[in-house]
Each structure stands twice: as structure tokens, then as C-alpha cells.
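One file, my_file04.tsv, is given below (TSV, N, CA, C and O atoms).
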```tsv
chain	number	residue	atom	x	y	z
A	1	MET	N	56.76	119.65	146.50
A	1	MET	CA	56.05	120.11	145.31
A	1	MET	C	56.67	121.42	144.85
A	1	MET	O	56.75	122.37	145.61
A	2	LYS	N	57.11	121.44	143.61
A	2	LYS	CA	57.66	122.68	143.09
A	2	LYS	C	56.55	123.72	142.91
A	2	LYS	O	55.38	123.37	142.79
A	3	HIS	N	56.95	124.96	142.89
A	3	HIS	CA	55.98	126.04	142.69
A	3	HIS	C	55.44	125.98	141.26
A	3	HIS	O	56.21	125.91	140.30
A	4	LEU	N	54.14	125.97	141.14
A	4	LEU	CA	53.51	125.92	139.82
A	4	LEU	C	53.24	127.35	139.36
A	4	LEU	O	52.39	128.04	139.90
A	5	GLU	N	53.96	127.78	138.35
A	5	GLU	CA	53.86	129.16	137.87
A	5	GLU	C	52.80	129.33	136.79
A	5	GLU	O	52.36	130.45	136.54
A	6	ARG	N	52.37	128.26	136.16
A	6	ARG	CA	51.44	128.37	135.04
A	6	ARG	C	49.98	128.13	135.45
A	6	ARG	O	49.08	128.32	134.64
A	7	ILE	N	49.76	127.70	136.67
A	7	ILE	CA	48.41	127.44	137.15
A	7	ILE	C	47.95	128.65	137.96
A	7	ILE	O	48.62	129.06	138.90
A	8	THR	N	46.82	129.21	137.57
A	8	THR	CA	46.31	130.40	138.25
A	8	THR	C	44.90	130.13	138.77
A	8	THR	O	44.16	129.34	138.19
A	9	LEU	N	44.59	130.80	139.87
A	9	LEU	CA	43.24	130.73	140.43
A	9	LEU	C	42.76	132.17	140.61
A	9	LEU	O	43.38	132.93	141.35
A	10	ASN	N	41.70	132.51	139.90
A	10	ASN	CA	41.16	133.86	139.95
A	10	ASN	C	39.64	133.74	139.97
A	10	ASN	O	39.05	133.18	139.04
A	11	PRO	N	38.98	134.25	141.02
A	11	PRO	CA	37.53	134.11	141.10
A	11	PRO	C	36.78	134.76	139.94
A	11	PRO	O	35.63	134.42	139.68
A	12	GLU	N	37.44	135.63	139.19
A	12	GLU	CA	36.80	136.29	138.06
A	12	GLU	C	36.98	135.54	136.74
A	12	GLU	O	36.43	135.94	135.72
A	13	ILE	N	37.76	134.47	136.77
A	13	ILE	CA	38.00	133.67	135.55
A	13	ILE	C	37.55	132.24	135.82
A	13	ILE	O	38.05	131.59	136.72
A	14	MET	N	36.57	131.79	135.06
A	14	MET	CA	36.05	130.42	135.15
A	14	MET	C	35.62	130.06	136.57
A	14	MET	O	35.81	128.94	137.03
A	15	GLY	N	35.06	131.03	137.27
A	15	GLY	CA	34.54	130.78	138.61
A	15	GLY	C	35.59	130.40	139.64
A	15	GLY	O	35.28	129.78	140.65
A	16	GLY	N	36.84	130.76	139.38
A	16	GLY	CA	37.90	130.46	140.34
A	16	GLY	C	38.53	129.09	140.16
A	16	GLY	O	39.38	128.70	140.97
A	17	LYS	N	38.12	128.35	139.13
A	17	LYS	CA	38.74	127.04	138.89
A	17	LYS	C	40.19	127.25	138.48
A	17	LYS	O	40.54	128.27	137.89
A	18	PRO	N	41.05	126.27	138.76
A	18	PRO	CA	42.45	126.40	138.35
A	18	PRO	C	42.54	126.45	136.82
A	18	PRO	O	41.97	125.59	136.13
A	19	CYS	N	43.21	127.47	136.33
A	19	CYS	CA	43.34	127.69	134.89
A	19	CYS	C	44.80	127.74	134.47
A	19	CYS	O	45.69	127.89	135.30
A	20	ILE	N	45.01	127.65	133.18
A	20	ILE	CA	46.34	127.75	132.61
A	20	ILE	C	46.65	129.21	132.32
A	20	ILE	O	45.95	129.85	131.53
A	21	ARG	N	47.64	129.76	132.99
A	21	ARG	CA	48.15	131.11	132.77
A	21	ARG	C	47.07	132.19	132.69
A	21	ARG	O	47.16	133.13	131.92
A	22	GLY	N	46.03	132.07	133.47
A	22	GLY	CA	44.98	133.08	133.48
A	22	GLY	C	44.06	133.03	132.28
A	22	GLY	O	43.19	133.88	132.12
A	23	LEU	N	44.24	132.04	131.44
A	23	LEU	CA	43.37	131.86	130.26
A	23	LEU	C	42.08	131.18	130.70
A	23	LEU	O	41.98	130.64	131.79
A	24	ARG	N	41.12	131.15	129.83
A	24	ARG	CA	39.86	130.48	130.11
A	24	ARG	C	39.96	128.99	129.74
A	24	ARG	O	39.04	128.41	129.17
A	25	MET	N	41.07	128.40	130.06
A	25	MET	CA	41.33	126.97	129.85
A	25	MET	C	41.63	126.38	131.21
A	25	MET	O	42.65	126.68	131.82
A	26	THR	N	40.71	125.53	131.70
A	26	THR	CA	40.89	124.98	133.04
A	26	THR	C	41.82	123.77	133.01
A	26	THR	O	41.96	123.08	131.99
A	27	VAL	N	42.42	123.53	134.16
A	27	VAL	CA	43.24	122.33	134.33
A	27	VAL	C	42.37	121.10	134.06
A	27	VAL	O	42.80	120.16	133.41
A	28	GLY	N	41.13	121.13	134.54
A	28	GLY	CA	40.22	120.00	134.33
A	28	GLY	C	39.98	119.71	132.86
A	28	GLY	O	39.90	118.54	132.46
A	29	THR	N	39.88	120.75	132.05
A	29	THR	CA	39.70	120.54	130.61
A	29	THR	C	40.92	119.87	130.01
A	29	THR	O	40.79	118.91	129.24
A	30	VAL	N	42.10	120.33	130.38
A	30	VAL	CA	43.34	119.74	129.86
A	30	VAL	C	43.44	118.28	130.28
A	30	VAL	O	43.73	117.40	129.45
A	31	ILE	N	43.19	118.00	131.54
A	31	ILE	CA	43.27	116.62	132.03
A	31	ILE	C	42.22	115.75	131.33
A	31	ILE	O	42.50	114.60	130.97
A	32	GLY	N	41.04	116.29	131.12
A	32	GLY	CA	40.00	115.55	130.42
A	32	GLY	C	40.40	115.21	128.99
A	32	GLY	O	40.14	114.10	128.51
A	33	LEU	N	41.03	116.15	128.31
A	33	LEU	CA	41.49	115.90	126.94
A	33	LEU	C	42.55	114.80	126.93
A	33	LEU	O	42.51	113.90	126.07
A	34	LEU	N	43.48	114.87	127.87
A	34	LEU	CA	44.51	113.83	127.96
A	34	LEU	C	43.89	112.47	128.30
A	34	LEU	O	44.25	111.45	127.71
A	35	ALA	N	42.94	112.48	129.23
A	35	ALA	CA	42.29	111.22	129.63
A	35	ALA	C	41.48	110.61	128.50
A	35	ALA	O	41.31	109.39	128.44
A	36	SER	N	40.99	111.45	127.59
A	36	SER	CA	40.20	110.93	126.47
A	36	SER	C	41.08	110.31	125.38
A	36	SER	O	40.57	109.76	124.41
A	37	GLY	N	42.40	110.42	125.57
A	37	GLY	CA	43.30	109.76	124.64
A	37	GLY	C	44.00	110.68	123.66
A	37	GLY	O	44.80	110.21	122.84
A	38	LEU	N	43.72	111.98	123.73
A	38	LEU	CA	44.41	112.90	122.83
A	38	LEU	C	45.88	113.01	123.24
A	38	LEU	O	46.21	112.97	124.42
A	39	THR	N	46.74	113.15	122.25
A	39	THR	CA	48.16	113.33	122.53
A	39	THR	C	48.44	114.79	122.83
A	39	THR	O	47.62	115.67	122.53
A	40	HIS	N	49.61	115.04	123.39
A	40	HIS	CA	50.02	116.42	123.64
A	40	HIS	C	50.00	117.21	122.33
A	40	HIS	O	49.52	118.35	122.30
A	41	GLU	N	50.50	116.61	121.27
A	41	GLU	CA	50.57	117.28	119.98
A	41	GLU	C	49.18	117.64	119.47
A	41	GLU	O	48.97	118.74	118.94
A	42	GLU	N	48.22	116.74	119.62
A	42	GLU	CA	46.85	117.01	119.18
A	42	GLU	C	46.23	118.16	119.96
A	42	GLU	O	45.57	119.03	119.39
A	43	ILE	N	46.46	118.17	121.26
A	43	ILE	CA	45.90	119.23	122.10
A	43	ILE	C	46.53	120.57	121.73
A	43	ILE	O	45.83	121.58	121.59
A	44	LEU	N	47.84	120.59	121.54
A	44	LEU	CA	48.52	121.83	121.19
A	44	LEU	C	48.08	122.34	119.82
A	44	LEU	O	48.02	123.56	119.59
A	45	LYS	N	47.74	121.43	118.92
A	45	LYS	CA	47.23	121.85	117.61
A	45	LYS	C	45.82	122.42	117.74
A	45	LYS	O	45.48	123.41	117.09
A	46	MET	N	44.99	121.80	118.60
A	46	MET	CA	43.62	122.27	118.80
A	46	MET	C	43.58	123.62	119.52
A	46	MET	O	42.68	124.42	119.29
A	47	TYR	N	44.52	123.84	120.42
A	47	TYR	CA	44.58	125.05	121.24
A	47	TYR	C	45.97	125.66	121.09
A	47	TYR	O	46.83	125.49	121.95
A	48	PRO	N	46.20	126.40	120.01
A	48	PRO	CA	47.55	126.89	119.72
A	48	PRO	C	48.10	127.88	120.74
A	48	PRO	O	49.31	128.13	120.77
A	49	TYR	N	47.26	128.41	121.61
A	49	TYR	CA	47.74	129.32	122.65
A	49	TYR	C	48.34	128.57	123.84
A	49	TYR	O	48.94	129.17	124.72
A	50	LEU	N	48.17	127.26	123.87
A	50	LEU	CA	48.79	126.45	124.93
A	50	LEU	C	50.22	126.11	124.54
A	50	LEU	O	50.57	126.04	123.35
A	51	GLN	N	51.03	125.86	125.54
A	51	GLN	CA	52.43	125.47	125.34
A	51	GLN	C	52.65	124.12	126.00
A	51	GLN	O	51.92	123.75	126.93
A	52	PRO	N	53.65	123.37	125.54
A	52	PRO	CA	53.89	122.04	126.12
A	52	PRO	C	54.04	122.09	127.64
A	52	PRO	O	53.55	121.20	128.35
A	53	GLU	N	54.67	123.13	128.16
A	53	GLU	CA	54.85	123.26	129.60
A	53	GLU	C	53.51	123.40	130.33
A	53	GLU	O	53.39	122.98	131.48
A	54	ASP	N	52.52	123.97	129.66
A	54	ASP	CA	51.19	124.10	130.26
A	54	ASP	C	50.59	122.73	130.54
A	54	ASP	O	49.99	122.50	131.59
A	55	LEU	N	50.75	121.82	129.60
A	55	LEU	CA	50.18	120.48	129.75
A	55	LEU	C	50.87	119.73	130.89
A	55	LEU	O	50.21	119.08	131.71
A	56	MET	N	52.19	119.86	130.97
A	56	MET	CA	52.92	119.17	132.02
A	56	MET	C	52.57	119.74	133.39
A	56	MET	O	52.43	119.00	134.36
A	57	GLU	N	52.39	121.05	133.46
A	57	GLU	CA	52.05	121.63	134.75
A	57	GLU	C	50.61	121.29	135.15
A	57	GLU	O	50.32	121.12	136.33
A	58	ALA	N	49.72	121.16	134.18
A	58	ALA	CA	48.35	120.73	134.49
A	58	ALA	C	48.38	119.31	135.08
A	58	ALA	O	47.67	119.02	136.05
A	59	LEU	N	49.20	118.45	134.51
A	59	LEU	CA	49.34	117.09	135.05
A	59	LEU	C	49.92	117.12	136.46
A	59	LEU	O	49.45	116.40	137.34
A	60	SER	N	50.92	117.95	136.67
A	60	SER	CA	51.53	118.06	138.01
A	60	SER	C	50.51	118.55	139.02
A	60	SER	O	50.43	118.04	140.14
A	61	TYR	N	49.72	119.54	138.64
A	61	TYR	CA	48.71	120.08	139.55
A	61	TYR	C	47.66	119.02	139.87
A	61	TYR	O	47.28	118.84	141.03
A	62	ALA	N	47.20	118.29	138.85
A	62	ALA	CA	46.19	117.26	139.07
A	62	ALA	C	46.73	116.15	139.98
A	62	ALA	O	46.01	115.66	140.86
A	63	ALA	N	47.97	115.77	139.79
A	63	ALA	CA	48.57	114.74	140.64
A	63	ALA	C	48.67	115.23	142.07
A	63	ALA	O	48.35	114.50	143.01
A	64	TRP	N	49.08	116.47	142.26
A	64	TRP	CA	49.19	117.05	143.60
A	64	TRP	C	47.82	117.09	144.27
A	64	TRP	O	47.67	116.69	145.41
A	65	ARG	N	46.79	117.54	143.55
A	65	ARG	CA	45.45	117.64	144.12
A	65	ARG	C	44.89	116.26	144.46
A	65	ARG	O	44.14	116.12	145.43
A	66	SER	N	45.24	115.26	143.70
A	66	SER	CA	44.70	113.92	143.98
A	66	SER	C	45.23	113.36	145.28
A	66	SER	O	44.63	112.46	145.87
A	67	GLU	N	46.35	113.89	145.76
A	67	GLU	CA	46.94	113.43	147.01
A	67	GLU	C	46.40	114.17	148.23
A	67	GLU	O	46.66	113.77	149.35
A	68	GLU	N	45.69	115.26	148.01
A	68	GLU	CA	45.14	116.01	149.13
A	68	GLU	C	43.97	115.25	149.76
A	68	GLU	O	43.26	114.51	149.08
A	69	ILE	N	43.78	115.45	151.03
A	69	ILE	CA	42.68	114.82	151.74
A	69	ILE	C	41.69	115.91	152.14
A	69	ILE	O	42.07	116.90	152.77
A	70	ASP	N	40.44	115.74	151.74
A	70	ASP	CA	39.40	116.66	152.15
A	70	ASP	C	38.80	116.16	153.45
A	70	ASP	O	38.30	115.03	153.54
A	71	VAL	N	38.86	116.97	154.47
A	71	VAL	CA	38.34	116.61	155.77
A	71	VAL	C	37.09	117.44	156.02
A	71	VAL	O	37.16	118.67	156.02
A	72	PRO	N	35.94	116.78	156.21
A	72	PRO	CA	34.71	117.55	156.47
A	72	PRO	C	34.79	118.27	157.81
A	72	PRO	O	35.35	117.76	158.78
A	73	LEU	N	34.24	119.46	157.84
A	73	LEU	CA	34.17	120.22	159.09
A	73	LEU	C	32.99	119.74	159.92
A	73	LEU	O	31.91	119.51	159.39
A	74	ASP	N	33.21	119.59	161.19
A	74	ASP	CA	32.14	119.18	162.10
A	74	ASP	C	31.51	120.45	162.68
A	74	ASP	O	32.00	120.98	163.67
A	75	ILE	N	30.49	120.92	162.01
A	75	ILE	CA	29.82	122.14	162.46
A	75	ILE	C	28.52	121.74	163.15
A	75	ILE	O	27.59	121.21	162.55
A	76	ALA	N	28.49	121.95	164.43
A	76	ALA	CA	27.29	121.57	165.19
A	76	ALA	C	26.63	122.77	165.80
A	76	ALA	O	27.15	123.78	166.04
```
Can you present the structure in this file as C-alpha cells?
Amino acid sequence: MKHLERITLNPEIMGGKPCIRGLRMTVGTVIGLLASGLTHEEILKMYPYLQPEDLMEALSYAAWRSEEIDVPLDIA
């Protein structure tokens, strides 16, 4: 996995959710927009502060996270 430079995690921004370049735009929002059928061009027009590379890195991050395995802790 290449280093993702555009995805930031800051507990003071959007509750620590992964965001695009420290903006109040979460990776989840970007992925949701793409999943709803909007094109990259439509999203970039709606959010002019985003860049094409932001969308691609959001997709890369989402794909990477989908491959992770969450293992519950056995706390007894």
C-alpha cells in the first residue's frame, strides 16, 4: 500500500474520521457520493475545493480499509 498523503485523521476534525487533506470532507462522504452514481466531474463541480487526486485517494483508502480484519478483543 502506497503512503496516502491526502487522507488525514485528526480527532479535532469530524470526530477523527478519515478526511481529505484536513478538510471537513470525510472519505465516507466521497465514497458515498461515488456509490450514489455521481461522476468524478460532478463531485468536483459540487465541491470545488476537492481535486481529482483526492477522489482517487479516497477510493484507495476505502479499498485498503475493506481488506482489514477487525478482531474482537477477549476481555474477561
Identify, with DSSP run on backbone atoms, the residues in chain A assigned to strand (DSSP E), and express the list as a list in words. Ile7, Thr8, Cys19 and Ile20 of chain A
Find the spatial neighbours of Arg24 (chain A), counting all atoms listed in the file, within a cut-off of 8 Å - ignore same-chain residues fewer than 6 positions away - and output them as a PyMOL selection string. chain A and resi 13-14+18
Once you have the residues from the selection above, write them out as a PDB file, in the coordinates of the input, restricted to N, CA, C and O atoms.
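result_11.pdb was written with the following content:
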```
ATOM      1  N   ILE A  13      37.760 134.470 136.770  1.00  0.00           N
ATOM      2  CA  ILE A  13      38.000 133.670 135.550  1.00  0.00           C
ATOM      3  C   ILE A  13      37.550 132.240 135.820  1.00  0.00           C
ATOM      4  O   ILE A  13      38.050 131.590 136.720  1.00  0.00           O
ATOM      5  N   MET A  14      36.570 131.790 135.060  1.00  0.00           N
ATOM      6  CA  MET A  14      36.050 130.420 135.150  1.00  0.00           C
ATOM      7  C   MET A  14      35.620 130.060 136.570  1.00  0.00           C
ATOM      8  O   MET A  14      35.810 128.940 137.030  1.00  0.00           O
ATOM      9  N   PRO A  18      41.050 126.270 138.760  1.00  0.00           N
ATOM     10  CA  PRO A  18      42.450 126.400 138.350  1.00  0.00           C
ATOM     11  C   PRO A  18      42.540 126.450 136.820  1.00  0.00           C
ATOM     12  O   PRO A  18      41.970 125.590 136.130  1.00  0.00           O
TER      13      PRO A  18
END
```
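One distance worth recording is that between atom O of Thr8 (chain A) and atom C of Asp74 (chain A), which is 29.0 Å.
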Spatial neighbours of Asp54 (chain A), max dist 7 Å, only N, CA, C and O atoms, sep filter under 4 positions, as number ranges by chain: A: 6, 20, 50, 58-60
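Put simply, CA of Leu34 (chain A) is 28.6 Å away from CA of Val71 (chain A).
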With DSSP run on the backbone, what are the alpha helix (DSSP H) residues within chain A? I'd like them as a ChimeraX atom specification. /A:27-35,40-46,52-66
How many Å separate atom C of Thr26 (chain A) from atom C of Ala62 (chain A)?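 These atoms are spaced 11.4 Å apart.
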Residue contacts of Glu57 (chain A) (8 Å, all atoms listed in the file) excluding same-chain residues fewer than 3 positions away, as a PDB file with N, CA, C and O atoms, keeping the file's coordinate frame:
```pdb
ATOM      1  N   LEU A   4      54.140 125.970 141.140  1.00  0.00           N
ATOM      2  CA  LEU A   4      53.510 125.920 139.820  1.00  0.00           C
ATOM      3  C   LEU A   4      53.240 127.350 139.360  1.00  0.00           C
ATOM      4  O   LEU A   4      52.390 128.040 139.900  1.00  0.00           O
ATOM      5  N   GLU A   5      53.960 127.780 138.350  1.00  0.00           N
ATOM      6  CA  GLU A   5      53.860 129.160 137.870  1.00  0.00           C
ATOM      7  C   GLU A   5      52.800 129.330 136.790  1.00  0.00           C
ATOM      8  O   GLU A   5      52.360 130.450 136.540  1.00  0.00           O
ATOM      9  N   ARG A   6      52.370 128.260 136.160  1.00  0.00           N
ATOM     10  CA  ARG A   6      51.440 128.370 135.040  1.00  0.00           C
ATOM     11  C   ARG A   6      49.980 128.130 135.450  1.00  0.00           C
ATOM     12  O   ARG A   6      49.080 128.320 134.640  1.00  0.00           O
ATOM     13  N   ILE A   7      49.760 127.700 136.670  1.00  0.00           N
ATOM     14  CA  ILE A   7      48.410 127.440 137.150  1.00  0.00           C
ATOM     15  C   ILE A   7      47.950 128.650 137.960  1.00  0.00           C
ATOM     16  O   ILE A   7      48.620 129.060 138.900  1.00  0.00           O
ATOM     17  N   VAL A  27      42.420 123.530 134.160  1.00  0.00           N
ATOM     18  CA  VAL A  27      43.240 122.330 134.330  1.00  0.00           C
ATOM     19  C   VAL A  27      42.370 121.100 134.060  1.00  0.00           C
ATOM     20  O   VAL A  27      42.800 120.160 133.410  1.00  0.00           O
ATOM     21  N   GLN A  51      51.030 125.860 125.540  1.00  0.00           N
ATOM     22  CA  GLN A  51      52.430 125.470 125.340  1.00  0.00           C
ATOM     23  C   GLN A  51      52.650 124.120 126.000  1.00  0.00           C
ATOM     24  O   GLN A  51      51.920 123.750 126.930  1.00  0.00           O
ATOM     25  N   PRO A  52      53.650 123.370 125.540  1.00  0.00           N
ATOM     26  CA  PRO A  52      53.890 122.040 126.120  1.00  0.00           C
ATOM     27  C   PRO A  52      54.040 122.090 127.640  1.00  0.00           C
ATOM     28  O   PRO A  52      53.550 121.200 128.350  1.00  0.00           O
ATOM     29  N   GLU A  53      54.670 123.130 128.160  1.00  0.00           N
ATOM     30  CA  GLU A  53      54.850 123.260 129.600  1.00  0.00           C
ATOM     31  C   GLU A  53      53.510 123.400 130.330  1.00  0.00           C
ATOM     32  O   GLU A  53      53.390 122.980 131.480  1.00  0.00           O
ATOM     33  N   ASP A  54      52.520 123.970 129.660  1.00  0.00           N
ATOM     34  CA  ASP A  54      51.190 124.100 130.260  1.00  0.00           C
ATOM     35  C   ASP A  54      50.590 122.730 130.540  1.00  0.00           C
ATOM     36  O   ASP A  54      49.990 122.500 131.590  1.00  0.00           O
ATOM     37  N   SER A  60      50.920 117.950 136.670  1.00  0.00           N
ATOM     38  CA  SER A  60      51.530 118.060 138.010  1.00  0.00           C
ATOM     39  C   SER A  60      50.510 118.550 139.020  1.00  0.00           C
ATOM     40  O   SER A  60      50.430 118.040 140.140  1.00  0.00           O
ATOM     41  N   TYR A  61      49.720 119.540 138.640  1.00  0.00           N
ATOM     42  CA  TYR A  61      48.710 120.080 139.550  1.00  0.00           C
ATOM     43  C   TYR A  61      47.660 119.020 139.870  1.00  0.00           C
ATOM     44  O   TYR A  61      47.280 118.840 141.030  1.00  0.00           O
ATOM     45  N   ALA A  62      47.200 118.290 138.850  1.00  0.00           N
ATOM     46  CA  ALA A  62      46.190 117.260 139.070  1.00  0.00           C
ATOM     47  C   ALA A  62      46.730 116.150 139.980  1.00  0.00           C
ATOM     48  O   ALA A  62      46.010 115.660 140.860  1.00  0.00           O
ATOM     49  N   ALA A  63      47.970 115.770 139.790  1.00  0.00           N
ATOM     50  CA  ALA A  63      48.570 114.740 140.640  1.00  0.00           C
ATOM     51  C   ALA A  63      48.670 115.230 142.070  1.00  0.00           C
ATOM     52  O   ALA A  63      48.350 114.500 143.010  1.00  0.00           O
ATOM     53  N   TRP A  64      49.080 116.470 142.260  1.00  0.00           N
ATOM     54  CA  TRP A  64      49.190 117.050 143.600  1.00  0.00           C
ATOM     55  C   TRP A  64      47.820 117.090 144.270  1.00  0.00           C
ATOM     56  O   TRP A  64      47.670 116.690 145.410  1.00  0.00           O
TER      57      TRP A  64
END
```
From the list A:Met56, A:Glu41, A:Thr29, A:Pro48, which residue is nearest Lys17 (chain A) when using only C-alpha atoms?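 Among the listed residues, the smallest separation from Lys17 (chain A) belongs to A:Thr29.
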So, with only C-alpha atoms as the atoms that count, which of A:Ile69, A:Leu55, A:Leu33, A:Ile75 lies closest to Arg21 (chain A)?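 With only C-alpha atoms as the atom set, the closest residue is A:Leu55.
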